[in-house]
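K.L.:
Okay, so here is entry09.csv, and as you'll see once you scroll down, it has CSV, C-alpha atoms.
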```csv
chain,number,residue,atom,x,y,z
D,1,MET,CA,-24.3,0.3,46.4
D,2,ASN,CA,-24.6,4.1,46.0
D,3,GLU,CA,-28.3,4.7,45.2
D,4,GLU,CA,-27.6,7.8,43.0
D,5,GLN,CA,-25.0,6.0,40.8
D,6,ALA,CA,-27.3,2.9,40.4
D,7,ARG,CA,-30.2,5.3,39.6
D,8,ARG,CA,-28.2,7.0,36.9
D,9,ILE,CA,-27.1,3.8,35.2
D,10,GLY,CA,-30.7,2.5,35.4
D,11,GLU,CA,-32.0,5.7,33.8
D,12,ARG,CA,-29.4,5.5,31.0
D,13,LEU,CA,-30.5,1.9,30.3
D,14,ARG,CA,-34.2,2.7,30.4
D,15,SER,CA,-33.8,5.8,28.2
D,16,ALA,CA,-31.8,3.8,25.6
D,17,ARG,CA,-34.3,1.0,25.6
D,18,ARG,CA,-37.3,3.3,25.1
D,19,GLN,CA,-35.5,5.2,22.3
D,20,ARG,CA,-34.9,1.9,20.5
D,21,GLY,CA,-38.6,1.0,21.0
D,22,ILE,CA,-37.7,-2.3,22.8
D,23,SER,CA,-40.0,-3.7,25.5
D,24,LEU,CA,-38.7,-4.7,28.9
D,25,ARG,CA,-39.4,-8.3,28.1
D,26,ASN,CA,-37.7,-8.2,24.7
D,27,LEU,CA,-34.5,-6.6,26.0
D,28,ALA,CA,-34.3,-9.0,28.9
D,29,GLY,CA,-34.6,-11.9,26.3
D,30,LEU,CA,-31.9,-10.4,24.1
D,31,ALA,CA,-29.5,-9.9,27.0
D,32,GLY,CA,-30.2,-13.3,28.6
D,33,VAL,CA,-31.5,-12.0,31.9
D,34,SER,CA,-34.8,-12.1,33.7
D,35,VAL,CA,-37.4,-9.4,33.4
D,36,GLY,CA,-37.3,-8.9,37.1
D,37,TYR,CA,-33.5,-8.3,37.1
D,38,LEU,CA,-33.7,-5.8,34.2
D,39,SER,CA,-36.5,-4.0,36.0
D,40,MET,CA,-34.4,-3.7,39.2
D,41,VAL,CA,-31.5,-2.4,37.2
D,42,GLU,CA,-33.6,0.3,35.5
D,43,ASN,CA,-35.1,1.3,38.8
D,44,GLY,CA,-31.7,1.6,40.4
D,45,GLN,CA,-32.1,-1.4,42.7
D,46,ARG,CA,-29.4,-3.5,41.1
D,47,LEU,CA,-26.0,-2.3,39.7
D,48,LEU,CA,-24.4,-3.5,36.5
D,49,ASP,CA,-21.0,-4.7,37.7
D,50,ARG,CA,-20.1,-7.4,35.2
D,51,SER,CA,-18.5,-6.4,31.8
D,52,SER,CA,-20.4,-9.3,30.1
D,53,LEU,CA,-23.8,-7.9,31.1
D,54,ILE,CA,-22.8,-4.3,30.2
D,55,THR,CA,-21.7,-5.6,26.8
D,56,SER,CA,-24.8,-7.7,26.4
D,57,PHE,CA,-27.2,-4.8,27.0
D,58,ALA,CA,-25.1,-2.4,24.8
D,59,GLU,CA,-25.2,-4.9,21.9
D,60,ALA,CA,-28.9,-5.5,22.2
D,61,LEU,CA,-29.5,-1.7,22.2
D,62,GLN,CA,-26.8,-1.1,19.5
D,63,ILE,CA,-25.0,1.5,21.7
D,64,ALA,CA,-21.5,1.8,23.1
D,65,PRO,CA,-21.0,0.3,26.6
D,66,SER,CA,-19.8,3.7,27.7
D,67,GLU,CA,-23.3,5.1,27.2
D,68,LEU,CA,-24.4,2.8,30.1
D,69,THR,CA,-21.4,3.1,32.4
D,70,GLY,CA,-21.0,6.8,31.9
D,71,GLN,CA,-17.3,6.5,30.9
D,72,PRO,CA,-15.1,8.4,30.4
D,73,PHE,CA,-15.9,10.2,33.7
D,74,ALA,CA,-14.2,13.0,35.4
D,75,PRO,CA,-11.7,11.5,37.9
D,76,VAL,CA,-10.6,12.9,41.1
D,77,ASP,CA,-7.0,11.8,40.7
D,78,PRO,CA,-5.1,14.8,39.4
D,79,HIS,CA,-2.7,12.7,37.4
D,80,THR,CA,-5.6,10.9,35.6
D,81,SER,CA,-7.2,14.3,35.1
D,82,ALA,CA,-3.9,15.4,33.4
D,83,ALA,CA,-4.3,12.5,31.0
D,84,HIS,CA,-7.8,13.5,30.0
D,85,GLU,CA,-6.6,17.1,29.6
D,86,ALA,CA,-3.9,16.0,27.2
D,87,ILE,CA,-6.3,14.1,25.0
D,88,PRO,CA,-7.3,17.0,22.7
D,89,VAL,CA,-3.6,17.5,21.6
D,90,LEU,CA,-3.2,13.7,21.1
D,91,ARG,CA,-6.5,13.6,19.1
D,92,LEU,CA,-5.2,16.2,16.7
D,93,THR,CA,-1.9,14.4,16.3
D,94,LEU,CA,-3.7,11.1,15.5
D,95,MET,CA,-5.9,12.9,12.9
D,96,GLY,CA,-3.0,14.6,11.2
D,97,LEU,CA,-0.4,11.8,11.0
D,98,THR,CA,-0.6,9.3,8.2
D,99,MET,CA,2.0,7.3,6.3
D,100,ALA,CA,0.7,8.9,3.0
D,101,THR,CA,0.9,12.5,4.2
D,102,PRO,CA,4.3,13.5,5.8
D,103,PRO,CA,3.9,15.8,8.8
D,104,ASP,CA,4.9,19.4,8.3
D,105,ARG,CA,8.1,19.2,10.4
D,106,ARG,CA,11.8,18.3,9.9
D,107,PRO,CA,13.1,14.9,11.0
D,108,PRO,CA,14.4,14.9,14.5
D,109,GLN,CA,18.2,15.5,14.7
D,110,VAL,CA,18.7,12.4,16.9
D,111,PRO,CA,19.9,8.9,16.2
D,112,ALA,CA,17.3,6.1,15.7
D,113,THR,CA,18.6,4.6,19.0
D,114,VAL,CA,17.4,7.6,20.9
D,115,LEU,CA,14.0,7.3,19.3
D,116,ALA,CA,14.0,3.6,20.3
D,117,GLU,CA,14.8,4.6,23.9
D,118,ARG,CA,11.9,7.1,23.9
D,119,VAL,CA,9.5,4.3,22.5
D,120,ALA,CA,10.6,2.0,25.3
D,121,LYS,CA,10.0,4.8,27.9
D,122,VAL,CA,6.4,5.4,26.8
D,123,ASN,CA,5.7,1.7,27.0
D,124,ARG,CA,7.2,1.6,30.5
D,125,LEU,CA,4.9,4.5,31.4
D,126,TYR,CA,1.9,2.6,30.1
D,127,HIS,CA,2.7,-0.5,32.1
D,128,ALA,CA,3.3,1.7,35.2
D,129,ALA,CA,-0.1,3.2,34.6
D,130,GLU,CA,1.4,6.7,34.5
D,131,TYR,CA,-1.3,7.9,32.1
D,132,GLY,CA,-0.8,11.6,32.7
D,133,SER,CA,2.9,11.6,31.7
D,134,LEU,CA,2.3,9.2,28.9
D,135,ALA,CA,-0.6,11.2,27.3
D,136,ILE,CA,1.4,14.4,27.5
D,137,GLY,CA,4.5,12.9,25.8
D,138,LEU,CA,2.9,10.8,23.1
D,139,PRO,CA,2.1,13.6,20.5
D,140,THR,CA,5.7,14.8,20.1
D,141,LEU,CA,7.1,11.2,20.0
D,142,LEU,CA,4.6,10.1,17.3
D,143,ALA,CA,5.3,13.2,15.2
D,144,ASP,CA,9.0,12.7,15.5
D,145,LEU,CA,8.7,9.0,14.5
D,146,HIS,CA,6.6,9.8,11.4
D,147,ALA,CA,9.0,12.6,10.4
D,148,ALA,CA,12.0,10.3,10.8
D,149,ALA,CA,10.3,7.5,8.9
D,150,GLU,CA,9.4,9.7,6.0
D,151,ALA,CA,13.1,10.9,5.7
D,152,ALA,CA,14.5,7.4,5.7
D,153,ASP,CA,14.6,4.5,3.2
D,154,GLY,CA,15.6,0.9,3.1
D,155,ALA,CA,16.5,-0.9,6.3
D,156,ALA,CA,16.5,2.3,8.3
D,157,ARG,CA,12.9,3.0,7.3
D,158,ARG,CA,11.8,-0.5,8.2
D,159,ALA,CA,13.3,-0.1,11.6
D,160,LEU,CA,11.5,3.2,12.1
D,161,LEU,CA,8.2,1.7,10.9
D,162,LYS,CA,8.6,-1.0,13.6
D,163,LEU,CA,9.3,1.7,16.2
D,164,LEU,CA,6.1,3.4,15.0
D,165,ALA,CA,4.1,0.2,15.6
D,166,ASP,CA,5.7,-0.2,19.0
D,167,ALA,CA,4.7,3.4,20.0
D,168,TYR,CA,1.1,2.9,18.8
D,169,HIS,CA,1.1,-0.6,20.5
D,170,PRO,CA,0.4,-0.6,23.3
D,171,ALA,CA,1.4,2.8,24.6
D,172,CYS,CA,-1.2,4.8,22.6
D,173,THR,CA,-3.9,2.2,21.8
D,174,MET,CA,-4.1,0.8,25.3
D,175,LEU,CA,-3.9,4.1,27.0
D,176,LEU,CA,-6.8,5.4,25.0
D,177,LYS,CA,-8.8,2.2,25.5
D,178,ASN,CA,-8.3,2.3,29.3
D,179,LEU,CA,-9.3,6.0,29.5
D,180,GLY,CA,-12.5,5.2,27.6
D,181,TYR,CA,-11.6,6.9,24.3
D,182,ASN,CA,-12.4,3.9,22.1
D,183,ASP,CA,-12.8,5.9,18.9
D,184,LEU,CA,-9.3,7.4,19.3
D,185,ALA,CA,-7.9,3.9,20.2
D,186,PHE,CA,-9.3,2.7,16.8
D,187,ILE,CA,-7.5,5.6,15.0
D,188,ALA,CA,-4.3,4.7,16.8
D,189,VAL,CA,-4.5,1.1,15.9
D,190,THR,CA,-5.3,2.0,12.3
D,191,ARG,CA,-2.2,4.3,12.2
D,192,ALA,CA,-0.1,1.4,13.3
D,193,ALA,CA,-1.7,-0.9,10.7
D,194,GLU,CA,-0.7,1.7,8.0
D,195,ALA,CA,3.0,1.4,9.1
D,196,ILE,CA,2.8,-2.4,9.4
D,197,ALA,CA,1.2,-2.8,5.9
D,198,GLU,CA,4.5,-1.5,4.4
D,199,LEU,CA,6.5,-4.0,6.4
D,200,ASP,CA,4.7,-6.9,4.8
D,201,ASP,CA,5.6,-9.0,7.8
D,202,PRO,CA,3.0,-11.7,8.8
D,203,VAL,CA,4.1,-11.6,12.5
D,204,TYR,CA,3.6,-7.8,12.7
D,205,SER,CA,0.3,-8.2,10.9
D,206,ALA,CA,-0.8,-10.6,13.6
D,207,LEU,CA,0.4,-8.1,16.2
D,208,SER,CA,-1.9,-5.5,14.5
D,209,GLY,CA,-4.8,-8.0,14.8
D,210,PHE,CA,-4.1,-8.4,18.5
D,211,PHE,CA,-4.5,-4.7,19.2
D,212,HIS,CA,-7.5,-4.4,16.9
D,213,THR,CA,-9.1,-7.2,19.0
D,214,HIS,CA,-8.6,-5.0,22.2
D,215,VAL,CA,-10.3,-2.0,20.5
D,216,LEU,CA,-13.2,-4.0,19.1
D,217,MET,CA,-13.8,-5.6,22.5
D,218,ALA,CA,-13.7,-2.2,24.3
D,219,ALA,CA,-16.2,-0.9,21.7
D,220,GLY,CA,-18.7,-3.6,22.7
D,221,SER,CA,-18.3,-6.1,19.8
D,222,PRO,CA,-16.9,-9.4,21.3
D,223,THR,CA,-18.0,-11.4,18.2
D,224,GLN,CA,-15.9,-9.2,15.9
D,225,ALA,CA,-13.1,-9.1,18.4
D,226,LEU,CA,-12.9,-12.9,18.5
D,227,ALA,CA,-13.0,-13.2,14.7
D,228,GLN,CA,-10.1,-10.7,14.5
D,229,ALA,CA,-8.1,-12.6,17.1
D,230,THR,CA,-8.8,-15.9,15.4
D,231,ALA,CA,-7.7,-14.6,12.0
D,232,ALA,CA,-4.5,-13.2,13.6
D,233,ALA,CA,-3.7,-16.5,15.3
D,234,ASN,CA,-4.2,-18.4,12.1
D,235,THR,CA,-1.8,-16.1,10.3
D,236,LEU,CA,0.7,-16.4,13.1
D,237,GLU,CA,0.6,-20.2,13.5
D,238,ALA,CA,2.1,-20.5,10.0
D,239,HIS,CA,5.0,-18.2,11.0
D,240,LEU,CA,6.1,-19.4,14.5
D,241,THR,CA,9.8,-18.7,13.8
D,242,SER,CA,10.9,-17.1,17.1
D,243,PRO,CA,10.1,-17.0,20.8
D,244,ASP,CA,8.5,-13.6,20.4
D,245,ALA,CA,6.0,-15.1,17.9
D,246,HIS,CA,5.1,-17.9,20.4
D,247,ALA,CA,4.6,-15.2,23.0
D,248,LEU,CA,2.3,-13.2,20.7
D,249,LEU,CA,0.3,-16.4,19.9
D,250,GLY,CA,-0.1,-16.8,23.7
D,251,GLU,CA,-1.4,-13.3,24.0
D,252,LEU,CA,-3.9,-14.0,21.2
D,253,HIS,CA,-5.2,-17.0,23.1
D,254,LEU,CA,-5.7,-14.8,26.2
D,255,ILE,CA,-7.5,-12.0,24.4
D,256,SER,CA,-9.6,-14.6,22.6
D,257,ALA,CA,-10.7,-16.0,26.0
D,258,THR,CA,-11.4,-12.5,27.2
D,259,SER,CA,-13.6,-11.8,24.1
D,260,LEU,CA,-15.5,-15.0,24.8
D,261,THR,CA,-16.4,-13.9,28.4
D,262,GLN,CA,-18.3,-11.0,26.9
D,263,ASP,CA,-20.1,-12.9,24.2
D,264,ARG,CA,-23.6,-13.4,25.5
D,265,GLN,CA,-24.7,-15.0,22.3
D,266,ARG,CA,-23.0,-18.2,23.4
D,267,PRO,CA,-24.5,-20.5,26.0
D,268,GLY,CA,-22.8,-20.1,29.4
D,269,ASN,CA,-21.4,-23.7,29.5
D,270,THR,CA,-20.0,-23.5,26.0
D,271,ARG,CA,-18.5,-20.1,26.7
D,272,ALA,CA,-16.8,-21.3,29.9
D,273,GLU,CA,-15.5,-24.4,28.1
D,274,ASP,CA,-14.1,-22.4,25.2
D,275,VAL,CA,-12.4,-20.0,27.6
D,276,ARG,CA,-10.7,-22.9,29.4
D,277,GLY,CA,-9.5,-24.2,26.1
D,278,HIS,CA,-7.8,-20.9,25.2
D,279,LEU,CA,-6.3,-20.7,28.7
D,280,ALA,CA,-4.9,-24.2,28.3
D,281,GLU,CA,-3.2,-23.3,25.0
D,282,ALA,CA,-1.8,-20.1,26.6
D,283,ALA,CA,-0.5,-22.1,29.5
D,284,LYS,CA,1.3,-24.5,27.1
D,285,LEU,CA,2.9,-21.6,25.3
D,286,ALA,CA,3.9,-19.9,28.5
D,287,SER,CA,5.6,-23.0,29.8
D,288,ARG,CA,7.7,-22.9,26.6
D,289,THR,CA,8.5,-19.1,26.6
D,290,GLY,CA,8.8,-18.4,30.3
D,291,GLU,CA,8.3,-14.8,31.4
D,292,THR,CA,8.8,-12.5,28.4
D,293,ARG,CA,8.7,-8.8,27.5
D,294,ALA,CA,8.1,-9.4,23.8
D,295,TRP,CA,6.2,-6.7,22.0
D,296,HIS,CA,6.3,-4.5,25.1
D,297,LEU,CA,3.8,-7.0,26.7
D,298,ASN,CA,4.2,-9.4,29.6
D,299,PHE,CA,3.3,-12.9,28.3
D,300,GLY,CA,4.3,-15.8,30.5
D,301,PRO,CA,3.1,-18.1,33.3
D,302,THR,CA,2.3,-15.1,35.6
D,303,ASN,CA,0.1,-13.3,33.1
D,304,VAL,CA,-1.7,-16.6,32.4
D,305,GLY,CA,-2.4,-16.9,36.1
D,306,ILE,CA,-3.6,-13.3,36.3
D,307,HIS,CA,-6.0,-14.0,33.4
D,308,LYS,CA,-7.4,-17.1,35.2
D,309,VAL,CA,-8.6,-14.7,37.8
D,310,SER,CA,-10.0,-12.0,35.5
D,311,LEU,CA,-11.6,-14.5,33.1
D,312,ASN,CA,-13.5,-16.4,35.8
D,313,THR,CA,-14.5,-13.0,37.4
D,314,ASP,CA,-16.0,-11.9,34.1
D,315,LEU,CA,-17.8,-15.3,33.7
D,316,GLY,CA,-19.3,-14.7,37.2
D,317,LEU,CA,-17.5,-17.8,38.6
D,318,HIS,CA,-16.3,-15.8,41.6
D,319,GLY,CA,-15.3,-18.7,43.9
D,320,VAL,CA,-13.3,-20.2,41.0
D,321,ALA,CA,-11.6,-16.9,40.4
D,322,VAL,CA,-10.6,-16.5,44.0
D,323,THR,CA,-9.2,-20.0,44.1
D,324,ALA,CA,-7.3,-19.4,40.9
D,325,GLY,CA,-5.6,-16.4,42.5
D,326,THR,CA,-4.0,-18.7,45.1
D,327,GLY,CA,-0.3,-19.2,44.1
D,328,VAL,CA,-0.2,-16.3,41.6
D,329,HIS,CA,2.5,-13.9,42.3
D,330,PRO,CA,1.8,-10.7,40.3
D,331,GLU,CA,4.9,-9.0,41.8
D,332,THR,CA,6.9,-11.2,39.4
D,333,LEU,CA,5.9,-8.6,36.8
D,334,ALA,CA,8.0,-6.0,38.5
D,335,GLU,CA,8.1,-3.7,35.4
D,336,ALA,CA,4.3,-3.9,34.9
D,337,PRO,CA,2.5,-2.4,38.0
D,338,GLY,CA,-0.6,-2.0,35.8
D,339,ARG,CA,-0.9,-5.8,35.4
D,340,GLN,CA,-0.2,-6.3,39.2
D,341,ALA,CA,-3.0,-3.9,40.0
D,342,ALA,CA,-5.4,-5.6,37.5
D,343,PHE,CA,-4.9,-8.9,39.4
D,344,HIS,CA,-5.8,-7.4,42.8
D,345,ALA,CA,-8.7,-5.4,41.3
D,346,ASP,CA,-10.2,-8.5,39.6
D,347,LEU,CA,-9.7,-10.5,42.8
D,348,GLY,CA,-11.5,-7.8,44.7
D,349,ARG,CA,-14.3,-7.8,42.2
D,350,SER,CA,-14.9,-11.5,42.8
D,351,LEU,CA,-14.5,-11.3,46.6
D,352,ALA,CA,-17.2,-8.7,46.7
D,353,HIS,CA,-19.7,-11.3,45.5
D,354,LEU,CA,-18.8,-13.9,48.1
D,355,ARG,CA,-20.8,-13.6,51.3
D,356,GLY,CA,-18.6,-12.7,54.3
D,357,ARG,CA,-15.6,-11.7,52.2
D,358,GLU,CA,-16.5,-8.1,51.5
D,359,ALA,CA,-13.8,-6.7,53.8
D,360,GLN,CA,-11.2,-8.8,51.9
D,361,ALA,CA,-12.6,-7.3,48.7
D,362,VAL,CA,-12.0,-3.8,49.9
D,363,ALA,CA,-8.5,-4.7,51.0
D,364,ALA,CA,-7.8,-6.1,47.5
D,365,LEU,CA,-9.1,-3.0,45.8
D,366,LEU,CA,-7.0,-0.8,48.0
D,367,THR,CA,-3.9,-2.9,47.2
D,368,ALA,CA,-4.7,-2.4,43.5
D,369,GLU,CA,-5.0,1.3,44.0
D,370,GLU,CA,-1.8,1.6,45.9
D,371,ILE,CA,0.1,-0.2,43.1
D,372,ALA,CA,-1.4,1.7,40.1
D,373,PRO,CA,-3.8,4.5,41.2
D,374,GLN,CA,-4.4,6.0,37.8
D,375,ARG,CA,-5.4,2.6,36.3
D,376,ILE,CA,-7.8,1.8,39.1
D,377,HIS,CA,-9.3,5.3,39.2
D,378,ALA,CA,-10.0,5.0,35.4
D,379,ASN,CA,-11.6,1.5,35.6
D,380,ALA,CA,-15.4,1.4,35.2
D,381,LEU,CA,-15.7,-2.1,36.6
D,382,VAL,CA,-13.8,-1.2,39.8
D,383,ARG,CA,-16.0,1.8,40.1
D,384,ASN,CA,-19.1,-0.4,39.8
D,385,THR,CA,-17.7,-2.8,42.5
D,386,VAL,CA,-17.1,0.1,44.9
D,387,GLU,CA,-20.7,1.2,44.4
D,388,PHE,CA,-21.9,-2.3,45.0
D,389,LEU,CA,-19.9,-2.7,48.2
D,390,THR,CA,-21.3,0.6,49.7
D,391,ASP,CA,-24.6,-1.2,50.2
D,392,ARG,CA,-23.1,-4.2,52.0
D,393,GLN,CA,-22.6,-4.6,55.8
D,394,LEU,CA,-18.9,-4.1,56.4
D,395,PRO,CA,-16.7,-3.9,59.5
D,396,ALA,CA,-16.1,-0.3,60.5
D,397,HIS,CA,-12.5,-0.1,59.3
D,398,ALA,CA,-13.4,-1.6,55.9
D,399,ALA,CA,-16.4,0.8,55.5
D,400,ARG,CA,-14.1,3.7,56.3
D,401,ASP,CA,-11.5,2.5,53.8
D,402,LEU,CA,-14.2,2.0,51.2
D,403,ARG,CA,-15.5,5.5,51.6
D,404,GLY,CA,-12.0,6.9,51.1
D,405,LEU,CA,-11.6,4.9,47.9
D,406,ALA,CA,-15.0,6.0,46.6
D,407,HIS,CA,-14.0,9.6,47.2
D,408,ARG,CA,-10.7,9.2,45.3
D,409,ILE,CA,-12.4,7.5,42.4
D,410,GLY,CA,-15.0,10.3,42.3
D,411,ILE,CA,-18.1,8.5,43.6
D,412,PRO,CA,-20.3,10.8,45.7
D,413,LEU,CA,-21.5,9.2,48.9
```
Hey, can you dump this file as structure tokens for me?

P.N.:
Amino acid sequence: MNEEQARRIGERLRSARRQRGISLRNLAGLAGVSVGYLSMVENGQRLLDRSSLITSFAEALQIAPSELTGQPFAPVDPHTSAAHEAIPVLRLTLMGLTMATPPDRRPPQVPATVLAERVAKVNRLYHAAEYGSLAIGLPTLLADLHAAAEAADGAARRALLKLLADAYHPACTMLLKNLGYNDLAFIAVTRAAEAIAELDDPVYSALSGFFHTHVLMAAGSPTQALAQATAAANTLEAHLTSPDAHALLGELHLISATSLTQDRQRPGNTRAEDVRGHLAEAAKLASRTGETRAWHLNFGPTNVGIHKVSLNTDLGLHGVAVTAGTGVHPETLAEAPGRQAAFHADLGRSLAHLRGREAQAVAALLTAEEIAPQRIHANALVRNTVEFLTDRQLPAHAARDLRGLAHRIGIPL
């Protein structure tokens, strides 16, 4: 663990607690941890490395999780830096584009098929974790889509509205969420909802609910996130008219399970049981759909397997998570390097907590970085795990590799 990083997180937590006028004992009780543990965190002797605990403290203090983790931070990776540098232009685009107010530009002089190809491309960039290229290209695409939709009517307009939803989901919303701009992610998902409202399509409405769930969870409100996902699933279950609808329902079960891992208001055993229930439902749907690319997502048996690792990691069931990773082949998702990297990163996060397997944890994190460096360099939980590992006894080669990873992420040693 890097003492400086632990000290900074502890200082942020202590400062927020004092500003709220909450005693050490009361905050520990609200977050479901011991007073001793909280004291060590505030004094920089323990590092927050679980999303559920970060969310729990943030909820108790009524602050954003980013105020504790320090996200978004200035990354070393030049491509990720390019993504952050492109955000001001994207922010202005999101603020200026609405369905009620046409943008001050002419419709693009290209067929709708070309716009569809551009939408597919930005979603490929998202799944490849090419955040810099994606952030730079999104403003023009979104403006072109809005201009084209405003100039069209009938079936052509409906098709363009669906393309708008596809551009905002997941390319824009998830990009902004992963980079730590939760407020902008909310604007993006709201813009998509404006287009979807005109479609009056219950399946697309459920899709909007799915991405709203992601944003609410990133903002530190797992209870609201779960309620949103549940409402979307209930809507969708009455309209399971296609394989894509079944895939979306599977995604809603997975995001519901993820929300539950962060809900510290539920007892641990109940939370784990509910997570297993959603995983079981997702697995049933995956056996029916097979591997899919519906909604520019990656629902199927492989993604369910990847979630078994991430969910157990976030529940703190690290041995279960590592065992769940056996037999999962993330390379099956050849067009989604970001998901492959997430699998290895979560595996590394769990291995870091198993005595004697720290070197394997470093190897898993390096694999994740090799597959999708921009996604890993922007991940606060990976960053916390790297900090945690710096305080452990490692073989010389693993320690050297870890120092290199820490430098690339931007952690001073």

K.L.:
Find, counting all atoms listed in the file, the residue in D:Pro373, D:Gly268, D:Gly137, D:Gly209 that gets nearest to Leu252 of chain D.

P.N.:
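Among the listed residues, D:Gly209 lies closest to Leu252 of chain D.
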
K.L.:
Kindly provide, as an MDAnalysis selection string, the polymer residues lying within 10 Å of (6.9, 9.4, 28.1), counting only C-alpha atoms and using the coordinates exactly as they appear in the file.

P.N.:
chainID D and resid 118:126 130:141 171

K.L.:
Fewer than 2 positions away in the same chain doesn't count, so skip those; otherwise give me all residues within 10 Å of Leu315 of chain D, counting all atoms listed in the file, as a PDB file with C-alpha atoms, keeping the file's coordinate frame.

P.N.:
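What landed in around_23.pdb:
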```
ATOM      1  CA  ARG D  50     -20.100  -7.400  35.200  1.00  0.00           C
ATOM      2  CA  SER D  51     -18.500  -6.400  31.800  1.00  0.00           C
ATOM      3  CA  SER D  52     -20.400  -9.300  30.100  1.00  0.00           C
ATOM      4  CA  LEU D  53     -23.800  -7.900  31.100  1.00  0.00           C
ATOM      5  CA  THR D 258     -11.400 -12.500  27.200  1.00  0.00           C
ATOM      6  CA  LEU D 260     -15.500 -15.000  24.800  1.00  0.00           C
ATOM      7  CA  THR D 261     -16.400 -13.900  28.400  1.00  0.00           C
ATOM      8  CA  GLN D 262     -18.300 -11.000  26.900  1.00  0.00           C
ATOM      9  CA  GLY D 268     -22.800 -20.100  29.400  1.00  0.00           C
ATOM     10  CA  ARG D 271     -18.500 -20.100  26.700  1.00  0.00           C
ATOM     11  CA  ALA D 272     -16.800 -21.300  29.900  1.00  0.00           C
ATOM     12  CA  VAL D 275     -12.400 -20.000  27.600  1.00  0.00           C
ATOM     13  CA  SER D 310     -10.000 -12.000  35.500  1.00  0.00           C
ATOM     14  CA  LEU D 311     -11.600 -14.500  33.100  1.00  0.00           C
ATOM     15  CA  ASN D 312     -13.500 -16.400  35.800  1.00  0.00           C
ATOM     16  CA  THR D 313     -14.500 -13.000  37.400  1.00  0.00           C
ATOM     17  CA  LEU D 317     -17.500 -17.800  38.600  1.00  0.00           C
ATOM     18  CA  HIS D 318     -16.300 -15.800  41.600  1.00  0.00           C
ATOM     19  CA  VAL D 320     -13.300 -20.200  41.000  1.00  0.00           C
ATOM     20  CA  ALA D 321     -11.600 -16.900  40.400  1.00  0.00           C
TER      21      ALA D 321
END
```

K.L.:
Between D:Lys308, D:Arg357, D:Arg375, D:Arg14, which residue has the minimum interatomic distance to His278 of chain D, considering all atoms listed in the file?

P.N.:
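Looking only at the distances to His278 of chain D, the closest residue turns out to be D:Lys308.
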
K.L.:
Report, in Å with one decimal, the straight-line distance from atom CA of Pro395 of chain D to atom CA of Arg355 of chain D.

P.N.:
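Value for the atom CA of Pro395 of chain D-atom CA of Arg355 of chain D distance: 13.3 Å.
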
K.L.:
Pick out the residues sitting within 9 Å of Tyr168 of chain D, and hand them over as a PDB file with C-alpha atoms, in the frame of the given file; count only C-alpha atoms, and ignore anything fewer than 3 positions along from it in its own chain.

P.N.:
```
ATOM      1  CA  LEU D 142       4.600  10.100  17.300  1.00  0.00           C
ATOM      2  CA  LEU D 163       9.300   1.700  16.200  1.00  0.00           C
ATOM      3  CA  LEU D 164       6.100   3.400  15.000  1.00  0.00           C
ATOM      4  CA  ALA D 165       4.100   0.200  15.600  1.00  0.00           C
ATOM      5  CA  ALA D 171       1.400   2.800  24.600  1.00  0.00           C
ATOM      6  CA  CYS D 172      -1.200   4.800  22.600  1.00  0.00           C
ATOM      7  CA  THR D 173      -3.900   2.200  21.800  1.00  0.00           C
ATOM      8  CA  MET D 174      -4.100   0.800  25.300  1.00  0.00           C
ATOM      9  CA  ALA D 188      -4.300   4.700  16.800  1.00  0.00           C
ATOM     10  CA  VAL D 189      -4.500   1.100  15.900  1.00  0.00           C
ATOM     11  CA  ARG D 191      -2.200   4.300  12.200  1.00  0.00           C
ATOM     12  CA  ALA D 192      -0.100   1.400  13.300  1.00  0.00           C
TER      13      ALA D 192
END
```

K.L.:
If I take atom CA of Leu236 of chain D and atom CA of Phe299 of chain D, how far is one from the other in Å, to one decimal?

P.N.:
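Going from atom CA of Leu236 of chain D over to atom CA of Phe299 of chain D covers 15.8 Å.
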
K.L.:
Around the point (-15.6, 1.4, 23.6) in the file's coordinates, collect all residues with an atom within 10 Å, using only C-alpha atoms, and return them as an MDAnalysis selection string.

P.N.:
chainID D and resid 55 63:67 71:72 176:186 214:221

K.L.:
Need to verify the contact set: Thr289 of chain D, 7 Å, all atoms listed in the file, exclusion of same-chain residues closer than 2 positions in sequence. Can you return it as a PyMOL selection string?

P.N.:
chain D and resi 243+247+285-287+291-292+300

K.L.:
State, in Å with one decimal place, the distance from atom CA of Ile376 of chain D to atom CA of Ala352 of chain D.

P.N.:
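Computing it gives 16.0 Å between the two atoms.
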
K.L.:
Which of these, D:Ser39, D:Asn234, D:Gln62, D:Thr302, has the shortest distance to Gly327 of chain D once you count all atoms listed in the file?

P.N.:
D:Thr302

K.L.:
Excluding Arg106 of chain D and any residue of its chain fewer than 3 positions from it, enumerate the residues within 9 Å of it, using only C-alpha atoms, and give them as a PyMOL selection string.

P.N.:
chain D and resi 103+109+144+147-148+151

K.L.:
So, counting all atoms listed in the file, which residue among D:Tyr37, D:Phe388, D:Tyr204, D:Phe210 is closest to His253 of chain D?

P.N.:
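Smallest separation from His253 of chain D among the options: D:Phe210.
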
K.L.:
What lies within 6 Å of Ala128 of chain D using only C-alpha atoms, ignoring chain neighbours under 3 positions off, as a PyMOL selection string?

P.N.:
chain D and resi 125+336-338
